[in-house]
Each structure stands twice: as C-alpha cells, then as structure tokens.
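*Asks:* Here it is, the structure in full.
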Protein chains: 2
Amino acid sequence: MSEATINKISSVSLRENWVQFIHGLQDTICNKLEQIDGGAKFKEDKWERPGDGGGGKTRFIEDGIVFEKGGVNSSVVYGDVSDTMRTQLKIDGSKWFACGLSIVIHPLNPFVPTVHANWRYFELFDESGKQIDCWFGGGTDLTPYYLFKEDAIHFHTILKQTLDPFGKNLYALYKKECDHYFSNHHRADETRGIGGIFYDYLRPENEDDAERLFSFQQANGNAFLNAYLPIVEKRMSVPFGEREVTWQEIRRGRYVEFNLIHDRGTLFGLKTNGRTESILMSLPPRAKWVYNYNPVPGSAEDKLLQVCLHPKEWIDN
Amino acid sequence: MSEATINKISSVSLRENWVQFIHGLQDTICNKLEQIDGGAKFKEDKWERPGDGGGGKTRFIEDGIVFEKGGVNSSVVYGDVSDTMRTQLKIDGSKWFACGLSIVIHPLNPFVPTVHANWRYFELFDESGKQIDCWFGGGTDLTPYYLFKEDAIHFHTILKQTLDPFGKNLYALYKKECDHYFSNHHRADETRGIGGIFYDYLRPENEDDAERLFSFQQANGNAFLNAYLPIVEKRMSVPFGEREVTWQEIRRGRYVEFNLIHDRGTLFGLKTNGRTESILMSLPPRAKWVYNYNPVPGSAEDKLLQVCLHPKEWIDN
C-alpha cells in the first residue's frame with residue numbers, strides 16, 4: 001500500500017463516517033431491543049478515558065422482561081502505544097486510534113440464546129503522526145443454552161447471505177475463524193456457543209477497497225437484528241424451570257472463562273486502561289461452577305454440549 | 001549456591017519428605033473440615049497428566065451444611081519446559097518438577113469467609129538432568145464478604161505467630177506481598193479480600209537452609225486450620241438473607257475475575273496442561289455481575305469494600 005493511499009484511507013472522512021455509522025447503529029439496536037423487551041429501557045453512561053484520549057457511550061439494560069442483562073457500547077478511543085500493548089498485544093507503532101460497537105445480550109429465558117457482536121476500526125500511526133496501518137474487524141456469534149437446529153440454521157443463513165455479495169468464500173472462512181476464536185482451549189477447545197462469523201485485520205488495499213470494507217462492515221452491522229431477533233421472539237415465552245436455569249448458569253460459567261482467559265477484546269480493553277465496567281459488561285448476570293459437571297448423555301443439555309465440542313456446519317457452503 | 005549444595009538439596013529425600021508432608025496435611029485438613037461440616041464428605045478424584053508426567057489427588061466437597069464448595073488438592077507433577085512456560089511464565093530450564101497442596105473453601109453462609117492457601121515446592125533441571133534451581137512458595141489469605149475486625153485480627157495474628165520464629169520481619173513483608181498479589185489491577189487494585197501472607201521463590205542457600213525452609217513451610221501448613229476454623233465456627237450459624245447472598249455473589253464475581261485474569265497459579269496450571277477441573281475448583285459455586293454496582297456508603301457491604309480498596313494493617317508489626 002503506497003503512502004498516498006494510506007493517507008487517503010486515513011482521511012478524516014472515513015473515520016468520521018465510521019464513528020457516525022457506529023452511533024447510528026447503536027441507537028437502532030437499542031431501540032429495537034427495548035421494543036422487544038417491553039419492560040426495561042437502556043440507560044446510558046458516557047465516559048472519558050483518563051490520561052489518554054477519547055471515551056465512549058455505554059448503554060446497558062438490566063432486569064428486563066426478556067433481557068436480563070445487556071450492553072450495547074460504543075467507544076472512540078486513542079492514545080500512545082504502551083509497552084504493555086507492544087509486548088502483550090503485539091501492536092507496533094507510536095499512536096493508535098480505535099472505534100467500535102460491542103454488543104452482548106444475556107436474556108433471562110434459558111431457551112433464548114446469548115448473543116455477541118462487535119464491529120471495529122483500528123488505525124496505527126508512527127511518531128510523525130503518519131498512519132502506518134489500519135484495519136477492520138468484527139463478527140457476530142450465538143451462545144444458546146439449548147439447541148434448536150432451525151435457530152442455528154436461521155442465524156448462520158442470515159450471516160452467509162450478508163457476506164455472500166462480498167465474496168462467496170467469506171462465510172466458510174469467517175465461520176471457521178469464529179469456531180476457532182471463541183473456544184475454551186483449556187477445555188479441549190470446547191466452543192463458547194454455536195459460532196457465527198469472526199474476522200480481523202481486514203486491511204484496505206486502496207481507496208476503493210476501504211469503501212468496500214466500510215460497506216462490508218455496514219452490511220454486517222445492519223444484519224445483526226435480522227439474525228438475532230426472530231430467535232428471541234420465537235423462544236422468549238417458552239416455559240422453563242430450575243433445571244434449565246442451572247444449565248444456563250453452568251454454561252454462563254464457561255462464557256466467563258472464555259471472556260476472562262482468552263478474549264483478545266477484553267484483554268485489549270483492560271490493558272489499554274479502558275473502562276472496566278464497560279468492558280466487563282459482557283459478563284453474564286449469574287454464573288455457576290459445579291465440579292466436573294457433565295450432562296446426562298443424550299439429554300437436551302448434552303446435545304448442546306456436543307455441538308460445542310464438535311462444531312458443525314449448519315448450512316451448505 | 002554451589003553445585004554440590006544443589007545436588008544435596010535436590011536429594012530424593014527432601015522431595016520425598018515434601019510429598020509425604022503434603023499428603024499428610026491434605027488428610028488432616030479434609031478430616032477436620034468434614035467434621036466441622038457435619039454433612040458433606042470429601043470425594044477424591046485421582047488424575048494423571050496426559051503426555052508428560054505425574055498427577056494429583058483432587059479432594060472436593062460440595063453442597064455441605066457449612067461448606068458450599070471446596071477443594072483440597074495435591075499434585076506431584078513434572079515435565080519438559082515448554083515454549084509457553086518459557087515465554088509466558090518466564091521459566092528457564094529443560095525439565096521441571098512441582099509438588100504442592102492447594103486449598104480453596106467457599107462456605108455457604110455469607111458471614112463465613114472464603115479461604116485460600118497453597119504451599120508448593122518447585123525444581124528446575126538442565127538438559128543433563130542436573131538441578132539448576134529450586135524454590136518454595138506459598139501463602140494463606142482470607143476473603144470475607146462482611147468485615148469482622150476481630151476475625152481479621154485473629155487470622156493475621158496466627159499467621160504472624162507462625163512466621164515470627166523464622167524472622168521477625170517476615171510477616172510484614174509477606175503481608176504486603178499478599179495485598180499486592182491478590183489484587184484486581186483492572187479495578188483500581190482492589191484486593192480480593194483482607195489478605196494474609198504470600199511468598200514465592202524462597203531459594204535455599206545451603207542444606208541447612210533447605211531444612212529451615214522445609215520447617216517454615218510445615219509451620220505454615222500446620223497453622224492453616226488454627227487460622228481459619230475459629231472464624232468458621234464463630235460465624236457459621238449467623239442468620240442471613242437475600243441481601244447478604246447477593247453481596248456474596250457480587251464479591252465472588254471479583255474472586256472469579258482475579259483467578260482468571262491475574263492468578264499465576266491458575267495460569268501455570270492451564271498453560272502446563274494441568275487438569276482443568278482441579279485448577280478451576282477454586283472458582284466459587286455461584287457468582288453475579290451487576291453493572292457498575294456500588295454498595296451504599298457506610299453500609300456493612302461498603303465497609304468490606306473500603307478495606308479492599310485501602311488495605312490496612314490488622315495487627316502491630
């Protein structure tokens with residue numbers, strides 16, 4: 001990538017458009033989730049990064065009828081590349097800029113899956129302030145407690161339909177990345193859920209490519225509600241009892257393990273002096289740890305576990 | 001330290017005596033805890049490390065009258081120093097040996113503190129099989145949910161009385177190490193509890209010193225029940241309600257954060273292909289995360305939080 005290209009890509013307009021898109025999407029998603037919930041409303045905490053620069057808008061919902069705990073958080077942050085970032089996050093450069101939207105929704109009903117999505121844009125600068133690197137990253141993934149094959153198919157179909165116009169090979173690639181990334185390596189690579197898509201370090205090759213990647217990110221962001229909400233509406237009124245709640249809490253323990261031990265986003269936030277409460281918003285409202293718990297083979301709980309231990313293709317590629 | 005000294009220290013007898021001591025202490029502690037509980041009994045899982053060598057005896061108790069979840073785990077493990085150990089754990093050498101006892105007890109009643117203790121012995125060898133380093137490490141610390149000053153004083157007094165014969169300066173030193181080690185750096189260095197003692201890399205300078213350190217470890221191991229049990233017996237029948245349980249679960253969330261993000265022992269176990277269920281035995285049975293939760297200033301909950309944010313001296317040094 002030539003210097004001229006880099007400077008065009010790093011033009012203020014791309015960055016501004018991205019920030020604007022993120023904030024618009026944050027509004028859209030919060031409004032729609034509130035409407036579905038019918039009880040709780042999102043509250044907003046605006047925060048600023050101490051020391052360095054930037055901040056964010058944390059929107060959180062708690063104790064809803066449908067959504068027990070959730071966050072739809074935007075942040076626009078920048079600063080000096082620290083030693084910790086260099087050694088632990090392998091980020092090389094002098095200054096960095098990042099802007100993204102992060103979503104984690106933990107519903108109350110164990111038959112409604114937890115969902116996670118994130119879309120981000122990152123820039124790196126050298127000491128003279130010249131941009132030396134930039135990339136997009138993101139993804140959307142589902143963490144059900146009980147497996148409904150038709151829900152998994154619906155979720156993955158929407159993601160594939162969104163990616164296909166940008167490259168017929170992308171869904172298969174990013175689906176695989178997602179299974180690999182969201183897995184508890186300390187538990188025989190058991191995945192956190194039934195996956196979705198995950199991609200990172202998508203670097204624009206030229207100006208047109210930057211616009212293409214921007215559209216790609218927009219398409220993914222805009223597809224989120226279509227992928228998730230039909231599943232919520234289908235399962236939110238299914239009756240449940242103590243058995244389902246216990247299993248939900250045990251699986252949520254695995255969610256906590258992944259986020260605190262393996263998740264690069266969580267690590268990045270905590271190591272870059274991010275706002276802890278906004279970062280750990282992703283943690284579930286309740287979790288349980290039972291020593292060496294294994295569901296009864298063949299049970300509904302075991303069926304979910306098996307697809308986490310052996311990730312499968314939900315749709316034809 | 002001369003080679004001759006090293007070879008004497010690494011003599012099979014020291015190692016064997018240590019293994020024997022660890023297993024004896026494991027029996028003593030389990031028996032006494034069962035007696036106090038009066039309901040649940042410890043169960044044992046023997047395990048072997050796949051690939052490398054060694055294994056352990058995991059003793060766990062669940063759903064007791066007094067103890068909701070707990071583990072008293074011994075392990076005698078050894079293997080080749082892996083790249084992960086070299087880069088992430090800063091361990092240099094060709095082969096390693098470790099033997100230790102790890103205890104985490106989470107009582108049911110929020111007025112009874114969680115306790116953690118660990119005593120370990122570690123050896124490193126070069127390619128020819130010659131010992132190049134060895135050290136002892138350990139500690140005992142308390143994580144109450146509600147603060148009773150007299151309990152904190154009792155706990156720290158027993159620890160100090162145990163350390164004093166080995167050096168009048170040790171308690172102050174290891175108490176400070178403990179506050180520093182068991183703190184959630186991502187939460188303004190809030191400590192996990194009210195501390196205790198923590199020490200690591202105690203390397204014997206000669207054969208007499210190895211015996212002295214062995215006695216030191218034994219004294220600490222043997223003091224555990226005296227430090228903890230009087231507090232359990234005093235608080236286990238205090239009535240509690242929903243408010244106390246909620247606060248206990250929120251604090252247990254912080255316990256999970258520390259163990260999964262910061263704890264070197266957990267990291268060591270997971271990175272050395274340890275047995276996940278034995279390592280994560282330390283996690284509490286239940287935990288809660290409430291967005292940006294702050295107790296009412298001046299409340300009993302706040303009093304505990306304040307001593308975690310501002311660690312204090314419980315006894316005169």
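We name chains A, B, ... following the order of the structure tokens; residues begin at 1 in each chain, and ligands are numbered from 1 as shown.
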Counting only C-alpha atoms, a student should be able to say which residues of chain B come within 10 Å of chain A; what is the right answer, written as a ChimeraX atom specification?
*Replies:* /B:60-63,69-71,88,185-188,249-250,253,256-262,267,269-271,273-278,280-293
*Asks:* How would you write, as a VMD selection string, the set of residues in stretch 46-263 of chain A that DSSP gives as strand (DSSP E)?
*Replies:* chain A and resid 46 to 48 53 to 62 67 to 80 95 to 107 114 to 125 131 to 143 183 to 184 190 to 191 195 to 202
*Asks:* DSSP on the backbone: what in stretch 37-227 of chain B comes out alpha helix (DSSP H), as a count of residues only?
*Replies:* 55
*Asks:* At what distance in Å, to one decimal, does atom CA of B:Ile105 lie from atom CA of B:Ser237?
*Replies:*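 According to the coordinates, atom CA of B:Ser237 and atom CA of B:Ile105 are separated by 16.9 Å.
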*Asks:* Taking 4 positions as the minimum chain separation for residues in the same chain, which residues sit within 8 Å of A:Gly139 when counting only C-alpha atoms? Answer as a list in words.
*Replies:*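 Contacts, in chain order: Ala117, Asn118, Trp119, Cys178, Gly196, Ile197, Phe198, Tyr199 and Asn220 of chain A.
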*Asks:* For the residues selected in the previous step, produce a file with N, CA and C atoms as an mmCIF file, in the first residue's frame.
*Replies:*
```cif
data_model
loop_
_atom_site.group_PDB
_atom_site.id
_atom_site.type_symbol
_atom_site.label_atom_id
_atom_site.label_comp_id
_atom_site.auth_asym_id
_atom_site.auth_seq_id
_atom_site.Cartn_x
_atom_site.Cartn_y
_atom_site.Cartn_z
ATOM 1 N N ALA A 117 -21.832 -9.386 19.423
ATOM 2 C CA ALA A 117 -21.385 -8.848 18.134
ATOM 3 C C ALA A 117 -20.438 -7.689 18.393
ATOM 4 N N ASN A 118 -19.563 -7.453 17.439
ATOM 5 C CA ASN A 118 -18.605 -6.365 17.557
ATOM 6 C C ASN A 118 -18.156 -5.975 16.160
ATOM 7 N N TRP A 119 -18.086 -4.670 15.918
ATOM 8 C CA TRP A 119 -17.522 -4.165 14.660
ATOM 9 C C TRP A 119 -16.577 -3.034 15.025
ATOM 10 N N CYS A 178 -14.397 -18.118 13.526
ATOM 11 C CA CYS A 178 -15.243 -17.897 14.710
ATOM 12 C C CYS A 178 -15.189 -19.106 15.641
ATOM 13 N N GLY A 196 -20.741 -18.346 14.564
ATOM 14 C CA GLY A 196 -21.273 -17.298 13.694
ATOM 15 C C GLY A 196 -20.133 -16.943 12.770
ATOM 16 N N ILE A 197 -19.767 -15.668 12.741
ATOM 17 C CA ILE A 197 -18.606 -15.271 11.935
ATOM 18 C C ILE A 197 -17.667 -14.412 12.760
ATOM 19 N N PHE A 198 -16.382 -14.470 12.429
ATOM 20 C CA PHE A 198 -15.359 -13.659 13.087
ATOM 21 C C PHE A 198 -14.274 -13.352 12.071
ATOM 22 N N TYR A 199 -13.866 -12.097 12.013
ATOM 23 C CA TYR A 199 -12.780 -11.699 11.101
ATOM 24 C C TYR A 199 -12.008 -10.565 11.742
ATOM 25 N N ASN A 220 -22.767 -6.052 7.756
ATOM 26 C CA ASN A 220 -22.757 -6.955 8.914
ATOM 27 C C ASN A 220 -23.467 -6.337 10.110
#
```
*Asks:* Have a look at B:Val77, B:Cys30, B:Ile36, B:Leu225 and name the one nearest to B:Arg49; count only C-alpha atoms.
*Replies:*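 For B:Arg49, the nearest of the given residues is B:Val77.
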*Asks:* Which residue gives the smallest distance to B:Lys32 among B:Ile132, B:Val232, B:Ala98, B:Leu142, with only C-alpha atoms counted?
*Replies:*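 For B:Lys32, the nearest of the candidates is B:Val232.
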*Asks:* Just the residues within 9 Å of B:Leu229, please, counting only C-alpha atoms, with nothing from its chain fewer than 5 positions along; format it as a list in words.
*Replies:*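 Everything that qualifies: Leu33, Ile36, Phe224 and Lys234 of chain B.
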*Asks:* Next, write the just-selected residues to a file, as a JSON list (two decimals), in the first residue's frame, keeping all heavy atoms as the atom set.
*Replies:*
```
[["chain", "number", "residue", "atom", "x", "y", "z"],
["B", 33, "LEU", "N", -12.24, -30.49, 58.23],
["B", 33, "LEU", "CA", -13.30, -29.73, 57.55],
["B", 33, "LEU", "C", -14.59, -30.55, 57.49],
["B", 33, "LEU", "O", -15.69, -30.03, 57.70],
["B", 33, "LEU", "CB", -12.87, -29.30, 56.14],
["B", 33, "LEU", "CG", -11.76, -28.22, 56.06],
["B", 33, "LEU", "CD1", -11.33, -27.99, 54.61],
["B", 33, "LEU", "CD2", -12.21, -26.89, 56.68],
["B", 36, "ILE", "N", -16.28, -30.40, 60.87],
["B", 36, "ILE", "CA", -16.98, -29.12, 61.08],
["B", 36, "ILE", "C", -18.27, -29.09, 60.26],
["B", 36, "ILE", "O", -19.30, -28.63, 60.73],
["B", 36, "ILE", "CB", -16.11, -27.92, 60.63],
["B", 36, "ILE", "CG1", -14.84, -27.83, 61.45],
["B", 36, "ILE", "CG2", -16.91, -26.63, 60.65],
["B", 36, "ILE", "CD1", -14.92, -26.92, 62.64],
["B", 224, "PHE", "N", -2.75, -23.52, 59.21],
["B", 224, "PHE", "CA", -3.95, -23.19, 58.43],
["B", 224, "PHE", "C", -5.26, -23.36, 59.21],
["B", 224, "PHE", "O", -6.09, -22.46, 59.28],
["B", 224, "PHE", "CB", -3.99, -24.03, 57.15],
["B", 224, "PHE", "CG", -5.28, -23.90, 56.38],
["B", 224, "PHE", "CD1", -5.52, -22.78, 55.60],
["B", 224, "PHE", "CD2", -6.27, -24.88, 56.47],
["B", 224, "PHE", "CE1", -6.71, -22.63, 54.91],
["B", 224, "PHE", "CE2", -7.47, -24.74, 55.78],
["B", 224, "PHE", "CZ", -7.68, -23.62, 55.00],
["B", 234, "LYS", "N", -17.36, -19.51, 64.58],
["B", 234, "LYS", "CA", -17.99, -18.32, 65.17],
["B", 234, "LYS", "C", -19.13, -17.79, 64.29],
["B", 234, "LYS", "O", -20.09, -17.22, 64.80],
["B", 234, "LYS", "CB", -16.92, -17.24, 65.29],
["B", 234, "LYS", "CG", -17.21, -16.16, 66.30],
["B", 234, "LYS", "CD", -15.94, -15.40, 66.60],
["B", 234, "LYS", "CE", -16.16, -14.28, 67.57],
["B", 234, "LYS", "NZ", -14.90, -13.54, 67.80]]
```
*Asks:* Which is closest to A:Asp45 among A:Asn222, A:Phe182, A:Phe67, A:Ser74, if we use only C-alpha atoms?
*Replies:*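 Looking only at the distances to A:Asp45, the closest residue turns out to be A:Ser74.
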*Asks:* Report as a PDB file with N, CA, C and O atoms, in the first residue's frame all protein, DNA and RNA residues lying within 10 Å of stretch 298-315 of chain A, evaluated on only C-alpha atoms, omitting residues in the same chain fewer than 4 positions from it.
*Replies:*
```pdb
ATOM      1  N   THR A 143     -24.689 -17.881  21.441  1.00  0.00           N
ATOM      2  CA  THR A 143     -24.411 -18.818  22.530  1.00  0.00           C
ATOM      3  C   THR A 143     -25.721 -19.328  23.134  1.00  0.00           C
ATOM      4  O   THR A 143     -26.215 -18.805  24.126  1.00  0.00           O
ATOM      5  N   PRO A 144     -26.290 -20.350  22.506  1.00  0.00           N
ATOM      6  CA  PRO A 144     -27.528 -20.910  23.063  1.00  0.00           C
ATOM      7  C   PRO A 144     -27.231 -21.818  24.261  1.00  0.00           C
ATOM      8  O   PRO A 144     -26.113 -22.313  24.420  1.00  0.00           O
ATOM      9  N   TYR A 145     -28.227 -22.021  25.081  1.00  0.00           N
ATOM     10  CA  TYR A 145     -28.124 -22.950  26.216  1.00  0.00           C
ATOM     11  C   TYR A 145     -28.784 -24.280  25.848  1.00  0.00           C
ATOM     12  O   TYR A 145     -28.437 -25.329  26.364  1.00  0.00           O
ATOM     13  N   TYR A 146     -29.760 -24.183  24.943  1.00  0.00           N
ATOM     14  CA  TYR A 146     -30.410 -25.364  24.379  1.00  0.00           C
ATOM     15  C   TYR A 146     -30.371 -25.223  22.860  1.00  0.00           C
ATOM     16  O   TYR A 146     -30.473 -24.107  22.350  1.00  0.00           O
ATOM     17  N   LEU A 147     -30.189 -26.347  22.222  1.00  0.00           N
ATOM     18  CA  LEU A 147     -30.004 -26.312  20.773  1.00  0.00           C
ATOM     19  C   LEU A 147     -31.327 -26.476  20.028  1.00  0.00           C
ATOM     20  O   LEU A 147     -32.053 -27.450  20.246  1.00  0.00           O
ATOM     21  N   PHE A 148     -31.643 -25.491  19.186  1.00  0.00           N
ATOM     22  CA  PHE A 148     -32.739 -25.640  18.232  1.00  0.00           C
ATOM     23  C   PHE A 148     -32.103 -25.510  16.864  1.00  0.00           C
ATOM     24  O   PHE A 148     -31.636 -24.433  16.498  1.00  0.00           O
ATOM     25  N   LYS A 149     -32.101 -26.622  16.169  1.00  0.00           N
ATOM     26  CA  LYS A 149     -31.396 -26.663  14.886  1.00  0.00           C
ATOM     27  C   LYS A 149     -31.881 -25.560  13.940  1.00  0.00           C
ATOM     28  O   LYS A 149     -31.082 -24.906  13.267  1.00  0.00           O
ATOM     29  N   GLU A 150     -33.204 -25.323  13.929  1.00  0.00           N
ATOM     30  CA  GLU A 150     -33.724 -24.312  12.990  1.00  0.00           C
ATOM     31  C   GLU A 150     -33.239 -22.909  13.355  1.00  0.00           C
ATOM     32  O   GLU A 150     -33.056 -22.060  12.479  1.00  0.00           O
ATOM     33  N   ASP A 151     -32.993 -22.668  14.643  1.00  0.00           N
ATOM     34  CA  ASP A 151     -32.467 -21.355  15.046  1.00  0.00           C
ATOM     35  C   ASP A 151     -31.022 -21.193  14.562  1.00  0.00           C
ATOM     36  O   ASP A 151     -30.635 -20.125  14.071  1.00  0.00           O
ATOM     37  N   ALA A 152     -30.247 -22.251  14.723  1.00  0.00           N
ATOM     38  CA  ALA A 152     -28.852 -22.213  14.279  1.00  0.00           C
ATOM     39  C   ALA A 152     -28.789 -21.981  12.768  1.00  0.00           C
ATOM     40  O   ALA A 152     -27.988 -21.179  12.279  1.00  0.00           O
ATOM     41  N   ILE A 153     -29.679 -22.676  12.040  1.00  0.00           N
ATOM     42  CA  ILE A 153     -29.712 -22.516  10.586  1.00  0.00           C
ATOM     43  C   ILE A 153     -30.115 -21.085  10.208  1.00  0.00           C
ATOM     44  O   ILE A 153     -29.495 -20.457   9.354  1.00  0.00           O
ATOM     45  N   HIS A 154     -31.126 -20.570  10.879  1.00  0.00           N
ATOM     46  CA  HIS A 154     -31.566 -19.194  10.587  1.00  0.00           C
ATOM     47  C   HIS A 154     -30.426 -18.193  10.799  1.00  0.00           C
ATOM     48  O   HIS A 154     -30.139 -17.364   9.937  1.00  0.00           O
ATOM     49  N   PHE A 155     -29.773 -18.309  11.968  1.00  0.00           N
ATOM     50  CA  PHE A 155     -28.705 -17.368  12.336  1.00  0.00           C
ATOM     51  C   PHE A 155     -27.565 -17.400  11.316  1.00  0.00           C
ATOM     52  O   PHE A 155     -27.140 -16.374  10.781  1.00  0.00           O
ATOM     53  N   HIS A 156     -27.117 -18.601  11.005  1.00  0.00           N
ATOM     54  CA  HIS A 156     -25.999 -18.732  10.069  1.00  0.00           C
ATOM     55  C   HIS A 156     -26.404 -18.351   8.641  1.00  0.00           C
ATOM     56  O   HIS A 156     -25.583 -17.832   7.884  1.00  0.00           O
ATOM     57  N   THR A 157     -27.663 -18.603   8.292  1.00  0.00           N
ATOM     58  CA  THR A 157     -28.122 -18.240   6.943  1.00  0.00           C
ATOM     59  C   THR A 157     -28.075 -16.727   6.744  1.00  0.00           C
ATOM     60  O   THR A 157     -27.612 -16.235   5.713  1.00  0.00           O
ATOM     61  N   LYS A 160     -24.488 -15.655   6.327  1.00  0.00           N
ATOM     62  CA  LYS A 160     -23.963 -16.031   4.997  1.00  0.00           C
ATOM     63  C   LYS A 160     -24.544 -15.138   3.907  1.00  0.00           C
ATOM     64  O   LYS A 160     -23.808 -14.653   3.037  1.00  0.00           O
ATOM     65  N   ALA A 172     -17.631 -19.292   4.796  1.00  0.00           N
ATOM     66  CA  ALA A 172     -16.934 -20.513   5.238  1.00  0.00           C
ATOM     67  C   ALA A 172     -15.670 -20.163   6.021  1.00  0.00           C
ATOM     68  O   ALA A 172     -15.378 -20.751   7.069  1.00  0.00           O
ATOM     69  N   LYS A 175     -16.622 -18.300   9.366  1.00  0.00           N
ATOM     70  CA  LYS A 175     -17.320 -19.232  10.269  1.00  0.00           C
ATOM     71  C   LYS A 175     -16.273 -20.079  10.988  1.00  0.00           C
ATOM     72  O   LYS A 175     -16.340 -20.295  12.204  1.00  0.00           O
ATOM     73  N   LYS A 176     -15.288 -20.516  10.227  1.00  0.00           N
ATOM     74  CA  LYS A 176     -14.202 -21.334  10.783  1.00  0.00           C
ATOM     75  C   LYS A 176     -13.378 -20.523  11.798  1.00  0.00           C
ATOM     76  O   LYS A 176     -13.046 -21.012  12.880  1.00  0.00           O
ATOM     77  N   ASP A 179     -15.342 -20.309  15.077  1.00  0.00           N
ATOM     78  CA  ASP A 179     -15.266 -21.526  15.899  1.00  0.00           C
ATOM     79  C   ASP A 179     -13.904 -21.618  16.579  1.00  0.00           C
ATOM     80  O   ASP A 179     -13.800 -22.014  17.738  1.00  0.00           O
ATOM     81  N   HIS A 180     -12.866 -21.239  15.844  1.00  0.00           N
ATOM     82  CA  HIS A 180     -11.524 -21.315  16.400  1.00  0.00           C
ATOM     83  C   HIS A 180     -11.319 -20.273  17.504  1.00  0.00           C
ATOM     84  O   HIS A 180     -10.779 -20.568  18.568  1.00  0.00           O
ATOM     85  N   SER A 183     -13.256 -20.350  21.485  1.00  0.00           N
ATOM     86  CA  SER A 183     -13.206 -21.682  22.081  1.00  0.00           C
ATOM     87  C   SER A 183     -12.340 -21.670  23.325  1.00  0.00           C
ATOM     88  O   SER A 183     -11.367 -20.925  23.421  1.00  0.00           O
ATOM     89  N   ASN A 184     -12.766 -22.444  24.301  1.00  0.00           N
ATOM     90  CA  ASN A 184     -12.041 -22.569  25.555  1.00  0.00           C
ATOM     91  C   ASN A 184     -10.948 -23.619  25.387  1.00  0.00           C
ATOM     92  O   ASN A 184     -11.180 -24.814  25.575  1.00  0.00           O
ATOM     93  N   ARG A 187     -10.401 -26.252  27.813  1.00  0.00           N
ATOM     94  CA  ARG A 187     -11.439 -27.278  27.944  1.00  0.00           C
ATOM     95  C   ARG A 187     -11.589 -28.022  26.621  1.00  0.00           C
ATOM     96  O   ARG A 187     -12.673 -28.069  26.028  1.00  0.00           O
ATOM     97  N   ALA A 188     -10.476 -28.561  26.164  1.00  0.00           N
ATOM     98  CA  ALA A 188     -10.474 -29.374  24.941  1.00  0.00           C
ATOM     99  C   ALA A 188     -11.099 -28.627  23.764  1.00  0.00           C
ATOM    100  O   ALA A 188     -11.798 -29.215  22.941  1.00  0.00           O
ATOM    101  N   ASP A 189     -10.845 -27.293  23.711  1.00  0.00           N
ATOM    102  CA  ASP A 189     -11.330 -26.458  22.613  1.00  0.00           C
ATOM    103  C   ASP A 189     -12.852 -26.426  22.492  1.00  0.00           C
ATOM    104  O   ASP A 189     -13.387 -26.164  21.402  1.00  0.00           O
ATOM    105  N   GLU A 190     -13.534 -26.666  23.578  1.00  0.00           N
ATOM    106  CA  GLU A 190     -14.996 -26.538  23.581  1.00  0.00           C
ATOM    107  C   GLU A 190     -15.361 -25.102  23.177  1.00  0.00           C
ATOM    108  O   GLU A 190     -14.856 -24.149  23.764  1.00  0.00           O
ATOM    109  N   THR A 191     -16.227 -24.938  22.188  1.00  0.00           N
ATOM    110  CA  THR A 191     -16.608 -23.585  21.776  1.00  0.00           C
ATOM    111  C   THR A 191     -17.582 -22.969  22.777  1.00  0.00           C
ATOM    112  O   THR A 191     -18.249 -23.662  23.540  1.00  0.00           O
ATOM    113  N   ARG A 192     -17.626 -21.629  22.754  1.00  0.00           N
ATOM    114  CA  ARG A 192     -18.491 -20.901  23.692  1.00  0.00           C
ATOM    115  C   ARG A 192     -19.954 -21.132  23.338  1.00  0.00           C
ATOM    116  O   ARG A 192     -20.831 -21.132  24.193  1.00  0.00           O
ATOM    117  N   GLY A 193     -20.220 -21.267  22.048  1.00  0.00           N
ATOM    118  CA  GLY A 193     -21.606 -21.473  21.598  1.00  0.00           C
ATOM    119  C   GLY A 193     -21.592 -22.118  20.233  1.00  0.00           C
ATOM    120  O   GLY A 193     -20.698 -22.904  19.927  1.00  0.00           O
ATOM    121  N   ILE A 194     -22.577 -21.744  19.394  1.00  0.00           N
ATOM    122  CA  ILE A 194     -22.641 -22.375  18.063  1.00  0.00           C
ATOM    123  C   ILE A 194     -22.046 -21.471  16.990  1.00  0.00           C
ATOM    124  O   ILE A 194     -22.292 -21.645  15.801  1.00  0.00           O
ATOM    125  N   GLY A 195     -21.256 -20.485  17.435  1.00  0.00           N
ATOM    126  CA  GLY A 195     -20.490 -19.691  16.490  1.00  0.00           C
ATOM    127  C   GLY A 195     -21.286 -18.689  15.698  1.00  0.00           C
ATOM    128  O   GLY A 195     -22.384 -18.248  16.094  1.00  0.00           O
ATOM    129  N   GLY A 196     -20.741 -18.346  14.564  1.00  0.00           N
ATOM    130  CA  GLY A 196     -21.273 -17.298  13.694  1.00  0.00           C
ATOM    131  C   GLY A 196     -20.133 -16.943  12.770  1.00  0.00           C
ATOM    132  O   GLY A 196     -19.557 -17.837  12.151  1.00  0.00           O
ATOM    133  N   ARG A 243     -34.206 -26.684  36.309  1.00  0.00           N
ATOM    134  CA  ARG A 243     -33.220 -27.458  35.542  1.00  0.00           C
ATOM    135  C   ARG A 243     -32.578 -26.618  34.445  1.00  0.00           C
ATOM    136  O   ARG A 243     -31.353 -26.614  34.279  1.00  0.00           O
ATOM    137  N   GLU A 244     -33.417 -25.895  33.717  1.00  0.00           N
ATOM    138  CA  GLU A 244     -32.913 -25.081  32.614  1.00  0.00           C
ATOM    139  C   GLU A 244     -32.069 -23.909  33.131  1.00  0.00           C
ATOM    140  O   GLU A 244     -31.076 -23.530  32.522  1.00  0.00           O
ATOM    141  N   TRP A 247     -28.554 -25.179  34.178  1.00  0.00           N
ATOM    142  CA  TRP A 247     -27.718 -25.423  32.993  1.00  0.00           C
ATOM    143  C   TRP A 247     -27.268 -24.104  32.350  1.00  0.00           C
ATOM    144  O   TRP A 247     -26.118 -23.945  31.958  1.00  0.00           O
ATOM    145  N   GLN A 248     -28.204 -23.145  32.295  1.00  0.00           N
ATOM    146  CA  GLN A 248     -27.866 -21.819  31.763  1.00  0.00           C
ATOM    147  C   GLN A 248     -26.716 -21.211  32.574  1.00  0.00           C
ATOM    148  O   GLN A 248     -25.766 -20.652  32.017  1.00  0.00           O
ATOM    149  N   ARG A 251     -23.371 -23.024  31.835  1.00  0.00           N
ATOM    150  CA  ARG A 251     -22.829 -22.586  30.544  1.00  0.00           C
ATOM    151  C   ARG A 251     -22.333 -21.144  30.613  1.00  0.00           C
ATOM    152  O   ARG A 251     -21.373 -20.775  29.956  1.00  0.00           O
ATOM    153  N   ASN A 294     -21.083 -32.926  34.182  1.00  0.00           N
ATOM    154  CA  ASN A 294     -21.324 -33.474  32.852  1.00  0.00           C
ATOM    155  C   ASN A 294     -22.793 -33.800  32.703  1.00  0.00           C
ATOM    156  O   ASN A 294     -23.344 -34.533  33.524  1.00  0.00           O
TER     157      ASN A 294
END
```
*Asks:* So that I can check the surroundings of A:Tyr78, please list as a ChimeraX atom specification every protein, DNA and RNA residue that reaches within 8 Å of it, counting only C-alpha atoms and ignoring chain neighbours fewer than 4 positions away.
*Replies:* /A:52-54,95-98
